[in-house]
file start-v7.cif (mmCIF, C-alpha atoms)
data_entry
#
loop_
_atom_site.label_atom_id
_atom_site.label_comp_id
_atom_site.auth_asym_id
_atom_site.auth_seq_id
_atom_site.Cartn_x
_atom_site.Cartn_y
_atom_site.Cartn_z
CA MET B 1 22.33 5.50 -12.33
CA LEU B 2 22.83 1.87 -13.34
CA GLY B 3 24.99 1.15 -10.30
CA ASN B 4 22.37 2.52 -7.93
CA LEU B 5 19.54 0.64 -9.60
CA THR B 6 21.65 -2.51 -9.26
CA LEU B 7 22.20 -1.71 -5.58
CA ILE B 8 18.43 -1.48 -5.03
CA LEU B 9 17.78 -4.76 -6.87
CA LEU B 10 20.63 -6.42 -4.93
CA CYS B 11 19.03 -5.39 -1.61
CA GLN B 12 15.72 -6.85 -2.83
CA LEU B 13 17.42 -10.07 -3.93
CA ILE B 14 19.12 -10.50 -0.55
CA GLY B 15 15.77 -9.75 1.11
CA GLU B 16 13.99 -12.40 -0.98
CA ILE B 17 16.69 -14.95 -0.14
CA ILE B 18 16.43 -14.16 3.59
CA THR B 19 12.61 -14.59 3.61
CA LYS B 20 12.84 -17.85 1.67
CA VAL B 21 15.55 -19.30 3.92
CA THR B 22 14.16 -18.13 7.28
CA LYS B 23 10.45 -18.51 6.28
CA LEU B 24 9.74 -15.11 7.88
CA PRO B 25 6.19 -13.86 7.19
CA VAL B 26 7.68 -10.64 5.74
CA PRO B 27 8.02 -9.88 2.02
CA GLY B 28 11.51 -9.77 0.53
CA PRO B 29 11.32 -6.10 -0.56
CA VAL B 30 10.52 -5.02 3.03
CA ILE B 31 13.68 -6.82 4.26
CA GLY B 32 15.51 -5.21 1.32
CA MET B 33 14.31 -1.81 2.54
CA VAL B 34 15.69 -2.55 6.03
CA ILE B 35 19.04 -3.63 4.50
CA LEU B 36 19.34 -0.48 2.37
CA PHE B 37 18.32 1.69 5.33
CA CYS B 38 21.00 0.10 7.54
CA GLY B 39 23.57 0.63 4.76
CA LEU B 40 22.71 4.34 4.50
CA PHE B 41 22.54 4.69 8.27
CA PHE B 42 25.97 3.22 8.95
CA SER B 43 27.76 4.73 5.94
CA LYS B 44 26.15 8.13 6.68
CA LYS B 45 26.30 8.88 2.96
CA MET B 46 23.51 9.49 0.48
CA PRO B 47 24.61 9.13 -3.15
CA ALA B 48 22.83 11.81 -5.20
CA GLU B 49 22.15 9.28 -7.95
CA LEU B 50 20.44 6.95 -5.48
CA GLU B 51 18.09 9.79 -4.58
CA SER B 52 17.26 10.34 -8.24
CA VAL B 53 16.48 6.63 -8.82
CA ALA B 54 14.23 6.66 -5.74
CA GLY B 55 12.67 9.94 -6.87
CA PHE B 56 11.76 8.38 -10.21
CA LEU B 57 10.27 5.23 -8.65
CA HIS B 58 8.27 7.19 -6.07
CA ARG B 59 6.98 9.80 -8.48
CA TYR B 60 4.93 7.04 -10.13
CA LEU B 61 4.36 4.92 -7.02
CA PRO B 62 0.52 4.97 -7.30
CA LEU B 63 0.76 3.60 -10.88
CA LEU B 64 2.66 0.55 -9.60
CA PHE B 65 -0.41 -0.58 -7.63
CA VAL B 66 -2.72 -0.61 -10.65
CA PRO B 67 -1.95 -4.15 -11.95
CA ALA B 68 -2.57 -5.64 -8.46
CA GLY B 69 -5.72 -3.52 -8.15
CA VAL B 70 -7.15 -4.91 -11.37
CA GLY B 71 -6.90 -8.28 -9.59
CA VAL B 72 -10.27 -7.49 -7.97
CA ILE B 73 -11.72 -8.80 -11.24
CA THR B 74 -10.88 -12.38 -10.17
CA ASN B 75 -13.21 -12.24 -7.15
CA LEU B 76 -16.12 -10.14 -8.40
CA ASP B 77 -18.89 -12.72 -7.66
CA LEU B 78 -17.73 -13.39 -4.10
CA MET B 79 -17.55 -9.62 -3.54
CA LEU B 80 -21.08 -9.09 -4.85
CA ARG B 81 -22.39 -11.87 -2.59
CA SER B 82 -21.04 -10.41 0.67
CA TRP B 83 -20.87 -6.76 -0.37
CA ALA B 84 -22.35 -5.29 2.84
CA PRO B 85 -19.87 -6.64 5.43
CA LEU B 86 -17.03 -6.10 2.92
CA ALA B 87 -17.90 -2.48 2.16
CA GLY B 88 -18.65 -1.71 5.82
CA ALA B 89 -15.41 -3.20 7.13
CA ILE B 90 -13.33 -1.56 4.41
CA ILE B 91 -14.86 1.93 4.36
CA ILE B 92 -15.83 2.44 8.02
CA GLY B 93 -12.93 0.34 9.34
CA THR B 94 -10.39 2.33 7.32
CA ALA B 95 -11.89 5.66 8.42
CA ILE B 96 -11.71 4.56 12.08
CA THR B 97 -8.11 3.36 11.68
CA VAL B 98 -6.99 6.61 9.98
CA ALA B 99 -8.69 8.72 12.69
CA VAL B 100 -7.40 6.68 15.67
CA THR B 101 -3.80 6.41 14.43
CA GLY B 102 -3.58 10.08 13.42
CA LEU B 103 -5.13 11.37 16.65
CA VAL B 104 -3.00 9.16 18.91
CA MET B 105 0.20 10.10 17.08
CA GLN B 106 -0.59 13.83 17.18
CA LEU B 107 -1.58 13.74 20.87
CA ALA B 108 1.37 11.58 21.92
CA SER B 109 3.97 13.64 20.04
CA ARG B 110 2.58 16.92 21.43
CA ARG B 111 2.53 15.54 24.98
CA LEU B 112 6.02 14.08 24.73
CA LYS B 113 7.79 17.12 23.28
CA PRO B 114 11.50 16.57 22.64
CA GLY B 115 13.47 17.45 25.75
CA GLN B 116 10.84 16.11 28.13
CA GLN B 117 11.37 12.73 26.63
CA GLU B 118 13.88 10.70 28.59
CA LEU B 119 13.04 7.35 27.01
CA GLN B 120 14.53 8.36 23.70
CA PRO B 121 17.23 6.14 22.24
CA MET T 1 -12.13 -7.19 -43.23
CA SER T 2 -13.50 -8.50 -39.93
CA GLY T 3 -11.14 -11.45 -40.40
CA ASP T 4 -8.23 -9.02 -40.49
CA ILE T 5 -9.44 -7.33 -37.31
CA THR T 6 -9.80 -10.68 -35.58
CA GLN T 7 -6.27 -11.59 -36.62
CA LEU T 8 -4.93 -8.28 -35.42
CA TRP T 9 -6.77 -8.74 -32.08
CA VAL T 10 -5.38 -12.27 -31.69
CA TYR T 11 -1.88 -10.90 -32.25
CA LEU T 12 -2.30 -7.92 -29.90
CA SER T 13 -4.05 -9.78 -27.12
CA THR T 14 -1.24 -12.30 -26.83
CA SER T 15 1.49 -9.65 -26.81
CA PRO T 16 2.41 -8.02 -23.49
CA LEU T 17 2.66 -4.66 -25.26
CA LEU T 18 -1.11 -4.12 -25.48
CA TRP T 19 -2.04 -4.32 -21.79
CA LEU T 20 1.18 -2.67 -20.67
CA THR T 21 0.35 0.34 -22.84
CA VAL T 22 -3.34 0.33 -21.89
CA THR T 23 -2.39 0.31 -18.18
CA LEU T 24 -0.18 3.36 -18.68
CA LEU T 25 -2.95 5.09 -20.67
CA ALA T 26 -5.57 4.27 -18.02
CA TYR T 27 -3.38 5.68 -15.24
CA GLN T 28 -2.64 8.85 -17.21
CA LEU T 29 -6.36 9.23 -17.88
CA GLY T 30 -6.86 8.90 -14.11
CA VAL T 31 -4.27 11.62 -13.42
CA TRP T 32 -5.82 13.86 -16.09
CA VAL T 33 -9.33 13.46 -14.65
CA PHE T 34 -7.96 14.10 -11.13
CA GLN T 35 -6.28 17.35 -12.20
CA ARG T 36 -9.03 18.47 -14.56
CA PHE T 37 -11.77 18.19 -11.91
CA GLY T 38 -10.13 20.04 -9.05
CA PHE T 39 -8.14 17.27 -7.31
CA SER T 40 -11.24 15.80 -5.67
CA PRO T 41 -10.11 12.83 -3.53
CA ILE T 42 -12.86 10.57 -4.90
CA LEU T 43 -11.19 10.88 -8.34
CA ASN T 44 -8.11 9.02 -7.09
CA PRO T 45 -6.06 8.08 -10.20
CA VAL T 46 -5.54 4.47 -9.03
CA LEU T 47 -9.29 4.03 -8.55
CA THR T 48 -10.07 5.45 -12.00
CA ALA T 49 -7.39 3.34 -13.68
CA VAL T 50 -8.56 0.13 -11.98
CA LEU T 51 -12.21 0.79 -12.89
CA VAL T 52 -11.38 1.58 -16.53
CA LEU T 53 -9.20 -1.53 -16.84
CA VAL T 54 -11.74 -3.85 -15.17
CA ILE T 55 -14.43 -2.59 -17.58
CA LEU T 56 -12.10 -3.02 -20.59
CA LEU T 57 -11.14 -6.56 -19.54
CA LYS T 58 -14.81 -7.49 -19.05
CA LEU T 59 -15.83 -5.96 -22.41
CA THR T 60 -13.08 -7.75 -24.33
CA GLY T 61 -13.47 -11.00 -22.36
CA THR T 62 -9.79 -10.91 -21.37
CA GLU T 63 -8.61 -13.12 -18.50
CA TYR T 64 -6.66 -11.48 -15.67
CA GLN T 65 -3.68 -13.77 -16.40
CA ALA T 66 -3.52 -12.52 -20.00
CA TYR T 67 -3.73 -8.92 -18.76
CA PHE T 68 -1.03 -9.53 -16.18
CA LYS T 69 1.42 -10.76 -18.84
CA GLY T 70 1.69 -7.14 -19.94
CA ALA T 71 1.05 -5.43 -16.62
CA GLN T 72 3.70 -7.49 -14.80
CA PHE T 73 6.40 -5.11 -16.03
CA ILE T 74 4.78 -2.33 -13.99
CA HIS T 75 3.98 -4.66 -11.10
CA PHE T 76 7.62 -5.74 -10.94
CA LEU T 77 8.73 -2.20 -10.10
CA LEU T 78 6.80 -2.40 -6.81
CA GLY T 79 9.65 -4.45 -5.32
CA PRO T 80 12.46 -1.97 -6.07
CA ALA T 81 10.14 0.94 -5.17
CA THR T 82 9.55 -0.65 -1.75
CA VAL T 83 13.31 -1.12 -1.20
CA ALA T 84 13.85 2.51 -2.24
CA LEU T 85 11.53 3.66 0.58
CA ALA T 86 14.70 3.34 2.69
CA ILE T 87 15.81 6.65 1.14
CA PRO T 88 12.99 8.95 2.39
CA LEU T 89 13.15 7.02 5.66
CA TYR T 90 16.86 7.78 6.02
CA ARG T 91 16.27 11.45 5.21
CA GLU T 92 13.81 11.72 8.12
CA VAL T 93 15.83 9.65 10.56
CA ALA T 94 16.33 12.60 12.93
CA THR T 95 12.55 13.27 13.16
CA ILE T 96 11.85 9.55 13.60
CA ARG T 97 14.31 9.37 16.53
CA LYS T 98 12.71 12.40 18.15
CA THR T 99 9.21 10.87 17.95
CA PHE T 100 10.14 7.27 18.61
CA VAL T 101 7.81 6.73 21.57
CA PRO T 102 4.74 8.36 19.93
CA ILE T 103 5.41 6.23 16.83
CA LEU T 104 5.30 3.02 18.87
CA ILE T 105 2.18 4.06 20.82
CA SER T 106 0.20 5.09 17.73
CA LEU T 107 1.40 2.02 15.84
CA VAL T 108 0.13 -0.44 18.45
CA ILE T 109 -3.22 1.33 19.02
CA GLY T 110 -3.73 1.96 15.28
CA SER T 111 -2.88 -1.62 14.36
CA LEU T 112 -5.38 -2.97 16.91
CA ALA T 113 -8.01 -0.47 15.71
CA ALA T 114 -7.52 -1.74 12.13
CA MET T 115 -8.02 -5.40 13.06
CA VAL T 116 -10.84 -4.91 15.57
CA SER T 117 -12.82 -2.45 13.42
CA ALA T 118 -12.58 -4.69 10.33
CA VAL T 119 -13.71 -7.82 12.17
CA GLY T 120 -16.29 -6.07 14.36
CA ILE T 121 -18.03 -4.21 11.54
CA ALA T 122 -18.08 -7.23 9.23
CA TRP T 123 -19.53 -9.32 12.09
CA ALA T 124 -22.19 -6.68 12.87
CA LEU T 125 -23.21 -6.62 9.20
CA GLY T 126 -23.75 -10.38 9.15
CA GLY T 127 -20.41 -11.56 7.80
CA GLU T 128 -19.67 -15.24 8.33
CA ARG T 129 -16.59 -16.42 10.25
CA LEU T 130 -14.63 -17.13 7.06
CA LEU T 131 -15.17 -13.55 5.88
CA LEU T 132 -14.08 -12.12 9.26
CA LEU T 133 -10.80 -14.06 9.14
CA THR T 134 -10.31 -12.96 5.53
CA LEU T 135 -10.80 -9.28 6.39
CA ALA T 136 -8.78 -9.15 9.64
CA PRO T 137 -5.37 -8.45 8.00
CA LYS T 138 -6.75 -6.00 5.38
CA SER T 139 -4.67 -2.98 6.48
CA VAL T 140 -1.23 -4.47 5.79
CA THR T 141 0.66 -4.78 2.54
CA THR T 142 -0.57 -7.57 0.19
CA PRO T 143 2.12 -10.27 0.58
CA ILE T 144 2.04 -10.09 4.41
CA ALA T 145 -1.78 -9.94 4.47
CA MET T 146 -2.10 -13.01 2.21
CA GLY T 147 0.36 -14.95 4.35
CA ILE T 148 -1.52 -14.09 7.56
CA SER T 149 -4.89 -14.87 5.95
CA GLU T 150 -3.68 -18.33 4.99
CA GLN T 151 -2.24 -18.94 8.45
CA ILE T 152 -5.44 -18.02 10.34
CA GLY T 153 -7.78 -19.79 7.90
CA GLY T 154 -9.11 -16.98 5.69
CA LEU T 155 -9.29 -16.80 1.88
CA PRO T 156 -5.96 -15.30 0.71
CA ALA T 157 -7.30 -14.30 -2.74
CA LEU T 158 -10.18 -12.32 -1.23
CA THR T 159 -7.79 -10.85 1.36
CA ALA T 160 -5.71 -9.50 -1.54
CA VAL T 161 -8.83 -7.80 -2.94
CA ALA T 162 -9.73 -6.34 0.48
CA VAL T 163 -6.17 -5.05 0.89
CA VAL T 164 -6.23 -3.20 -2.42
CA LEU T 165 -9.69 -1.75 -1.75
CA THR T 166 -8.57 -0.68 1.75
CA GLY T 167 -5.54 1.06 0.25
CA ILE T 168 -7.65 2.93 -2.29
CA THR T 169 -10.25 3.81 0.37
CA GLY T 170 -7.52 5.23 2.63
CA ALA T 171 -6.14 7.36 -0.20
CA VAL T 172 -9.65 8.59 -1.09
CA ILE T 173 -11.07 9.38 2.38
CA GLY T 174 -7.87 9.76 4.46
CA ASP T 175 -7.40 13.51 4.02
CA LEU T 176 -11.09 14.21 4.69
CA VAL T 177 -11.04 12.18 7.92
CA LEU T 178 -7.76 13.71 9.11
CA ASN T 179 -8.88 17.29 8.38
CA TRP T 180 -12.15 16.61 10.13
CA MET T 181 -10.35 15.24 13.21
CA ARG T 182 -7.99 18.26 13.07
CA VAL T 183 -4.90 16.12 12.66
CA HIS T 184 -2.48 18.55 11.00
CA ASP T 185 0.97 17.27 12.04
CA GLU T 186 2.65 15.81 8.96
CA THR T 187 4.15 13.00 11.05
CA ALA T 188 0.72 12.02 12.41
CA ARG T 189 -0.88 12.14 8.95
CA GLY T 190 1.89 9.89 7.62
CA MET T 191 1.44 7.36 10.45
CA ALA T 192 -2.33 7.28 9.81
CA PHE T 193 -1.91 6.56 6.08
CA GLY T 194 0.77 3.91 6.64
CA VAL T 195 -1.07 2.00 9.39
CA ALA T 196 -4.53 2.15 7.77
CA SER T 197 -3.73 1.73 4.09
CA HIS T 198 -0.18 0.40 3.55
CA GLY T 199 1.56 1.10 0.21
CA ILE T 200 -1.31 2.80 -1.58
CA GLY T 201 -1.72 5.14 1.41
CA THR T 202 2.05 5.71 1.41
CA ALA T 203 2.01 6.52 -2.30
CA HIS T 204 -0.74 9.06 -1.62
CA ALA T 205 1.04 10.57 1.42
CA MET T 206 4.26 10.87 -0.55
CA GLN T 207 2.57 12.97 -3.25
CA LYS T 208 1.62 15.50 -0.57
CA SER T 209 4.65 15.76 1.72
CA ARG T 210 8.09 14.20 2.08
CA VAL T 211 7.76 13.92 5.85
CA SER T 212 4.33 12.26 5.67
CA GLY T 213 5.61 9.88 2.99
CA ALA T 214 8.58 8.78 5.13
CA PHE T 215 6.43 8.25 8.23
CA SER T 216 3.87 6.38 6.18
CA ALA T 217 6.55 4.06 4.79
CA LEU T 218 7.82 3.40 8.32
CA ALA T 219 4.30 2.79 9.65
CA MET T 220 3.51 0.43 6.78
CA ALA T 221 6.60 -1.70 7.42
CA LEU T 222 6.12 -1.77 11.21
CA ASN T 223 2.38 -2.49 10.96
CA GLY T 224 3.09 -5.41 8.62
CA LEU T 225 5.42 -6.95 11.21
CA LEU T 226 3.14 -6.23 14.18
CA THR T 227 -0.01 -7.60 12.49
CA ALA T 228 1.85 -10.76 11.44
CA LEU T 229 2.86 -11.29 15.08
CA LEU T 230 -0.40 -10.23 16.79
CA LEU T 231 -3.20 -11.53 14.61
CA PRO T 232 -2.53 -15.29 14.88
CA VAL T 233 -2.38 -14.87 18.69
CA LEU T 234 -5.64 -12.85 18.80
CA VAL T 235 -7.41 -15.41 16.62
CA SER T 236 -6.30 -18.32 18.80
CA LEU T 237 -7.62 -16.45 21.87
CA LEU T 238 -11.03 -16.07 20.23
CA ARG T 239 -11.32 -19.72 19.35
#

call {"tool": "encode", "arguments": {"input": "start-v7.cif", "output": "C-alpha cells"}}
result
Amino acid sequence: MLGNLTLILLCQLIGEIITKVTKLPVPGPVIGMVILFCGLFFSKKMPAELESVAGFLHRYLPLLFVPAGVGVITNLDLMLRSWAPLAGAIIIGTAITVAVTGLVMQLASRRLKPGQQELQP
Amino acid sequence: MSGDITQLWVYLSTSPLLWLTVTLLAYQLGVWVFQRFGFSPILNPVLTAVLVLVILLKLTGTEYQAYFKGAQFIHFLLGPATVALAIPLYREVATIRKTFVPILISLVIGSLAAMVSAVGIAWALGGERLLLLTLAPKSVTTPIAMGISEQIGGLPALTAVAVVLTGITGAVIGDLVLNWMRVHDETARGMAFGVASHGIGTAHAMQKSRVSGAFSALAMALNGLLTALLLPVLVSLLR
C-alpha cells in the first residue's frame, strides 16, 4: 500500500519537475498520469495494491473538488455583475459541448466499426 | 460565557481541523441529500457541499485563505488522484485502441464546440471582450485553463470560477442531455463528460461506469493539451 502510494507521488513529483523545467502549459499531475500509464503499458503488469490505492482515491474523487469549488466565494461580486453572459456561456455552452462530443463519438465509432478500420495503430 | 465562546472560536478558526472536518461533513450531507431524494442530478453532492460551505464562510465572516488552510489537505489529494487516472486508462487500453480514430474526431470537434459556444453565447448576451477571453478555456482542467487565460489576456481567477461551475454544470445536466440526444454508448458518454467538464465530469462519469470514467479521463487530458495549443492561435486570428 505504502509503496504504491509512494509510486503515485513519485510520478507526480517527476511530472511537476518536468513542467517547471520545460515550462509546458500542462499541470504536473497530468504528466505524472502519462508517466504512470507508460510504466503500466510497458511493464504489462498491474499490481493489485496499486488498483486498491486508485480505487480509494477515485471513490471520493468528487469530494476532492470541493475546496477548489468553494473558491467561487473570492469572485462573487464580479460574478453578480456579469451573471447573464456567465450563466449563458456555462449552462448552454456546456450542454452544447456534451451533446456535440457525445453524438460525434457515438456516430464515428458506429460508422468505423473495428475491422473496417484500417487506420488503427 | 460569551468570552469563552469567542476564545473557543478564535482557537478553532485558526486550526486547520475545523474547516477540514466541516468540508467532510458538508460533502457527506451532499451525498446523503442526493441519495435521500432519489439521485436527482440537480442535487449533485459537490454542488450542495460548495453551497453549504460558501454560506457558512459568509455567515462566520471567514476568509477563503483561512478556510483553505484546513481544506488544503483534501485539495492536495487531487494531484495523486489525477496521476492514478492512469490505472482505469490502462484497464481500457484495448477499447481505446479500437476507437482511436473516433476519439480524435470527437475530441477535436468537441473541443472547438466548447470554445466557440462559450465565447459566442457570452458575446450574444452582451459580455465584454475581457469576459469572452476569460470564459474561452472554461472546459479544461483548472491549472491549464488558468494558464491559457493568462496567456490570451483573460482574468485567471474568474476563469478558475468558470471552470469549476462548468464542471458542476456538466455533472448536473450531462446525463439529461446525453439521454435526450440518445447517446447510450459508454465510450461516447465518457468522451462527452471529459471534453465538456474535465475532472468534475470525470468524477461523475466514474461513479456510473468504469468504461465511461476511463474515456472521460482520457478526454480530459487530451482536451487540456488541445485547448492549450489551439486557443492562443484562434485568439490571435480574431485580433

call {"tool": "residues_around", "arguments": {"input": "start-v7.cif", "residues": "stretch 86-102 of chain B", "least_positions_apart": "2", "cutoff": "6 Å", "atoms": "only C-alpha atoms", "output": "PDB file with C-alpha atoms, in the frame of the given file"}}
result
ATOM      1  CA  TRP B  83     -20.870  -6.760  -0.370  1.00  0.00           C
ATOM      2  CA  ALA B  84     -22.350  -5.290   2.840  1.00  0.00           C
ATOM      3  CA  VAL B 104      -3.000   9.160  18.910  1.00  0.00           C
ATOM      4  CA  MET B 105       0.200  10.100  17.080  1.00  0.00           C
TER       5      MET B 105
ATOM      6  CA  SER T 106       0.200   5.090  17.730  1.00  0.00           C
ATOM      7  CA  GLY T 110      -3.730   1.960  15.280  1.00  0.00           C
ATOM      8  CA  ALA T 113      -8.010  -0.470  15.710  1.00  0.00           C
ATOM      9  CA  ALA T 114      -7.520  -1.740  12.130  1.00  0.00           C
ATOM     10  CA  SER T 117     -12.820  -2.450  13.420  1.00  0.00           C
ATOM     11  CA  ALA T 118     -12.580  -4.690  10.330  1.00  0.00           C
ATOM     12  CA  ILE T 121     -18.030  -4.210  11.540  1.00  0.00           C
ATOM     13  CA  ALA T 122     -18.080  -7.230   9.230  1.00  0.00           C
ATOM     14  CA  THR T 166      -8.570  -0.680   1.750  1.00  0.00           C
ATOM     15  CA  ALA T 188       0.720  12.020  12.410  1.00  0.00           C
ATOM     16  CA  ARG T 189      -0.880  12.140   8.950  1.00  0.00           C
ATOM     17  CA  ALA T 192      -2.330   7.280   9.810  1.00  0.00           C
ATOM     18  CA  ALA T 196      -4.530   2.150   7.770  1.00  0.00           C
TER      19      ALA T 196
END

call {"tool": "resolve_selection", "arguments": {"input": "start-v7.cif", "expression": "the PyMOL selection byres ((chain T and resi 92) around 10)", "output": "ChimeraX atom specification"}}
result
/T:87-91,93-97,210-215

call {"tool": "write_last_selection", "arguments": {"input": "start-v7.cif", "atoms": "C-alpha atoms", "output": "short mmCIF file (atom, residue, chain, number, x, y, z; two decimals), keeping the file's coordinate frame"}}
result
data_model
loop_
_atom_site.label_atom_id
_atom_site.label_comp_id
_atom_site.auth_asym_id
_atom_site.auth_seq_id
_atom_site.Cartn_x
_atom_site.Cartn_y
_atom_site.Cartn_z
CA ILE T 87 15.81 6.65 1.14
CA PRO T 88 12.99 8.95 2.39
CA LEU T 89 13.15 7.02 5.66
CA TYR T 90 16.86 7.78 6.02
CA ARG T 91 16.27 11.45 5.21
CA VAL T 93 15.83 9.65 10.56
CA ALA T 94 16.33 12.60 12.93
CA THR T 95 12.55 13.27 13.16
CA ILE T 96 11.85 9.55 13.60
CA ARG T 97 14.31 9.37 16.53
CA ARG T 210 8.09 14.20 2.08
CA VAL T 211 7.76 13.92 5.85
CA SER T 212 4.33 12.26 5.67
CA GLY T 213 5.61 9.88 2.99
CA ALA T 214 8.58 8.78 5.13
CA PHE T 215 6.43 8.25 8.23
#

call {"tool": "atom_distance", "arguments": {"input": "start-v7.cif", "atom1": "atom CA of T:Trp180", "atom2": "atom CA of B:Leu107"}}
result
15.3 Å

call {"tool": "atom_distance", "arguments": {"input": "start-v7.cif", "atom1": "atom CA of B:Glu49", "atom2": "atom CA of B:Glu16"}}
result
24.2 Å

call {"tool": "resolve_selection", "arguments": {"input": "start-v7.cif", "expression": "the PyMOL selection byres ((chain T and resi 155-164) around 10)", "output": "JSON, numbers by chain"}}
result
{"B": [65, 66, 68, 69, 70, 71, 72, 73, 74, 75, 76, 78, 79, 86, 87, 89, 90], "T": [47, 130, 131, 132, 133, 134, 135, 136, 137, 138, 139, 140, 141, 142, 143, 144, 145, 146, 147, 148, 149, 150, 151, 152, 153, 154, 165, 166, 167, 168, 169, 170, 197, 198, 199, 200]}

call {"tool": "write_last_selection", "arguments": {"input": "start-v7.cif", "atoms": "C-alpha atoms", "output": "PDB file, keeping the file's coordinate frame"}}
result
ATOM      1  CA  PHE B  65      -0.410  -0.580  -7.630  1.00  0.00           C
ATOM      2  CA  VAL B  66      -2.720  -0.610 -10.650  1.00  0.00           C
ATOM      3  CA  ALA B  68      -2.570  -5.640  -8.460  1.00  0.00           C
ATOM      4  CA  GLY B  69      -5.720  -3.520  -8.150  1.00  0.00           C
ATOM      5  CA  VAL B  70      -7.150  -4.910 -11.370  1.00  0.00           C
ATOM      6  CA  GLY B  71      -6.900  -8.280  -9.590  1.00  0.00           C
ATOM      7  CA  VAL B  72     -10.270  -7.490  -7.970  1.00  0.00           C
ATOM      8  CA  ILE B  73     -11.720  -8.800 -11.240  1.00  0.00           C
ATOM      9  CA  THR B  74     -10.880 -12.380 -10.170  1.00  0.00           C
ATOM     10  CA  ASN B  75     -13.210 -12.240  -7.150  1.00  0.00           C
ATOM     11  CA  LEU B  76     -16.120 -10.140  -8.400  1.00  0.00           C
ATOM     12  CA  LEU B  78     -17.730 -13.390  -4.100  1.00  0.00           C
ATOM     13  CA  MET B  79     -17.550  -9.620  -3.540  1.00  0.00           C
ATOM     14  CA  LEU B  86     -17.030  -6.100   2.920  1.00  0.00           C
ATOM     15  CA  ALA B  87     -17.900  -2.480   2.160  1.00  0.00           C
ATOM     16  CA  ALA B  89     -15.410  -3.200   7.130  1.00  0.00           C
ATOM     17  CA  ILE B  90     -13.330  -1.560   4.410  1.00  0.00           C
TER      18      ILE B  90
ATOM     19  CA  LEU T  47      -9.290   4.030  -8.550  1.00  0.00           C
ATOM     20  CA  LEU T 130     -14.630 -17.130   7.060  1.00  0.00           C
ATOM     21  CA  LEU T 131     -15.170 -13.550   5.880  1.00  0.00           C
ATOM     22  CA  LEU T 132     -14.080 -12.120   9.260  1.00  0.00           C
ATOM     23  CA  LEU T 133     -10.800 -14.060   9.140  1.00  0.00           C
ATOM     24  CA  THR T 134     -10.310 -12.960   5.530  1.00  0.00           C
ATOM     25  CA  LEU T 135     -10.800  -9.280   6.390  1.00  0.00           C
ATOM     26  CA  ALA T 136      -8.780  -9.150   9.640  1.00  0.00           C
ATOM     27  CA  PRO T 137      -5.370  -8.450   8.000  1.00  0.00           C
ATOM     28  CA  LYS T 138      -6.750  -6.000   5.380  1.00  0.00           C
ATOM     29  CA  SER T 139      -4.670  -2.980   6.480  1.00  0.00           C
ATOM     30  CA  VAL T 140      -1.230  -4.470   5.790  1.00  0.00           C
ATOM     31  CA  THR T 141       0.660  -4.780   2.540  1.00  0.00           C
ATOM     32  CA  THR T 142      -0.570  -7.570   0.190  1.00  0.00           C
ATOM     33  CA  PRO T 143       2.120 -10.270   0.580  1.00  0.00           C
ATOM     34  CA  ILE T 144       2.040 -10.090   4.410  1.00  0.00           C
ATOM     35  CA  ALA T 145      -1.780  -9.940   4.470  1.00  0.00           C
ATOM     36  CA  MET T 146      -2.100 -13.010   2.210  1.00  0.00           C
ATOM     37  CA  GLY T 147       0.360 -14.950   4.350  1.00  0.00           C
ATOM     38  CA  ILE T 148      -1.520 -14.090   7.560  1.00  0.00           C
ATOM     39  CA  SER T 149      -4.890 -14.870   5.950  1.00  0.00           C
ATOM     40  CA  GLU T 150      -3.680 -18.330   4.990  1.00  0.00           C
ATOM     41  CA  GLN T 151      -2.240 -18.940   8.450  1.00  0.00           C
ATOM     42  CA  ILE T 152      -5.440 -18.020  10.340  1.00  0.00           C
ATOM     43  CA  GLY T 153      -7.780 -19.790   7.900  1.00  0.00           C
ATOM     44  CA  GLY T 154      -9.110 -16.980   5.690  1.00  0.00           C
ATOM     45  CA  LEU T 165      -9.690  -1.750  -1.750  1.00  0.00           C
ATOM     46  CA  THR T 166      -8.570  -0.680   1.750  1.00  0.00           C
ATOM     47  CA  GLY T 167      -5.540   1.060   0.250  1.00  0.00           C
ATOM     48  CA  ILE T 168      -7.650   2.930  -2.290  1.00  0.00           C
ATOM     49  CA  THR T 169     -10.250   3.810   0.370  1.00  0.00           C
ATOM     50  CA  GLY T 170      -7.520   5.230   2.630  1.00  0.00           C
ATOM     51  CA  SER T 197      -3.730   1.730   4.090  1.00  0.00           C
ATOM     52  CA  HIS T 198      -0.180   0.400   3.550  1.00  0.00           C
ATOM     53  CA  GLY T 199       1.560   1.100   0.210  1.00  0.00           C
ATOM     54  CA  ILE T 200      -1.310   2.800  -1.580  1.00  0.00           C
TER      55      ILE T 200
END

call {"tool": "resolve_selection", "arguments": {"input": "start-v7.cif", "expression": "the PyMOL selection byres ((chain B and resi 60) around 12)", "output": "VMD selection string"}}
result
(chain B and resid 53 to 59 61 to 66) or (chain T and resid 24 27 to 28 31 45 to 46 74 to 75 77 to 78 81 200 202 to 204 206 to 207)

call {"tool": "residues_around", "arguments": {"input": "start-v7.cif", "residues": "B:Gln12", "least_positions_apart": "4", "cutoff": "10 Å", "atoms": "all atoms listed in the file", "output": "PyMOL selection string"}}
result
(chain B and resi 6-8+16-18+27-36) or (chain T and resi 79-84)

call {"tool": "residues_around", "arguments": {"input": "start-v7.cif", "residues": "T:Leu25", "least_positions_apart": "4", "cutoff": "12 Å", "atoms": "only C-alpha atoms", "output": "PyMOL selection string"}}
result
(chain B and resi 63+66) or (chain T and resi 18-21+29-32+45-46+48-50+52-53+71)

call {"tool": "write_last_selection", "arguments": {"input": "start-v7.cif", "atoms": "C-alpha atoms", "output": "compact mmCIF listing (two decimals), in the frame of the given file"}}
result
# COMPACT_ATOMS: atom_id res chain seq x y z
CA LEU B 63 0.76 3.60 -10.88
CA VAL B 66 -2.72 -0.61 -10.65
CA LEU T 18 -1.11 -4.12 -25.48
CA TRP T 19 -2.04 -4.32 -21.79
CA LEU T 20 1.18 -2.67 -20.67
CA THR T 21 0.35 0.34 -22.84
CA LEU T 29 -6.36 9.23 -17.88
CA GLY T 30 -6.86 8.90 -14.11
CA VAL T 31 -4.27 11.62 -13.42
CA TRP T 32 -5.82 13.86 -16.09
CA PRO T 45 -6.06 8.08 -10.20
CA VAL T 46 -5.54 4.47 -9.03
CA THR T 48 -10.07 5.45 -12.00
CA ALA T 49 -7.39 3.34 -13.68
CA VAL T 50 -8.56 0.13 -11.98
CA VAL T 52 -11.38 1.58 -16.53
CA LEU T 53 -9.20 -1.53 -16.84
CA ALA T 71 1.05 -5.43 -16.62
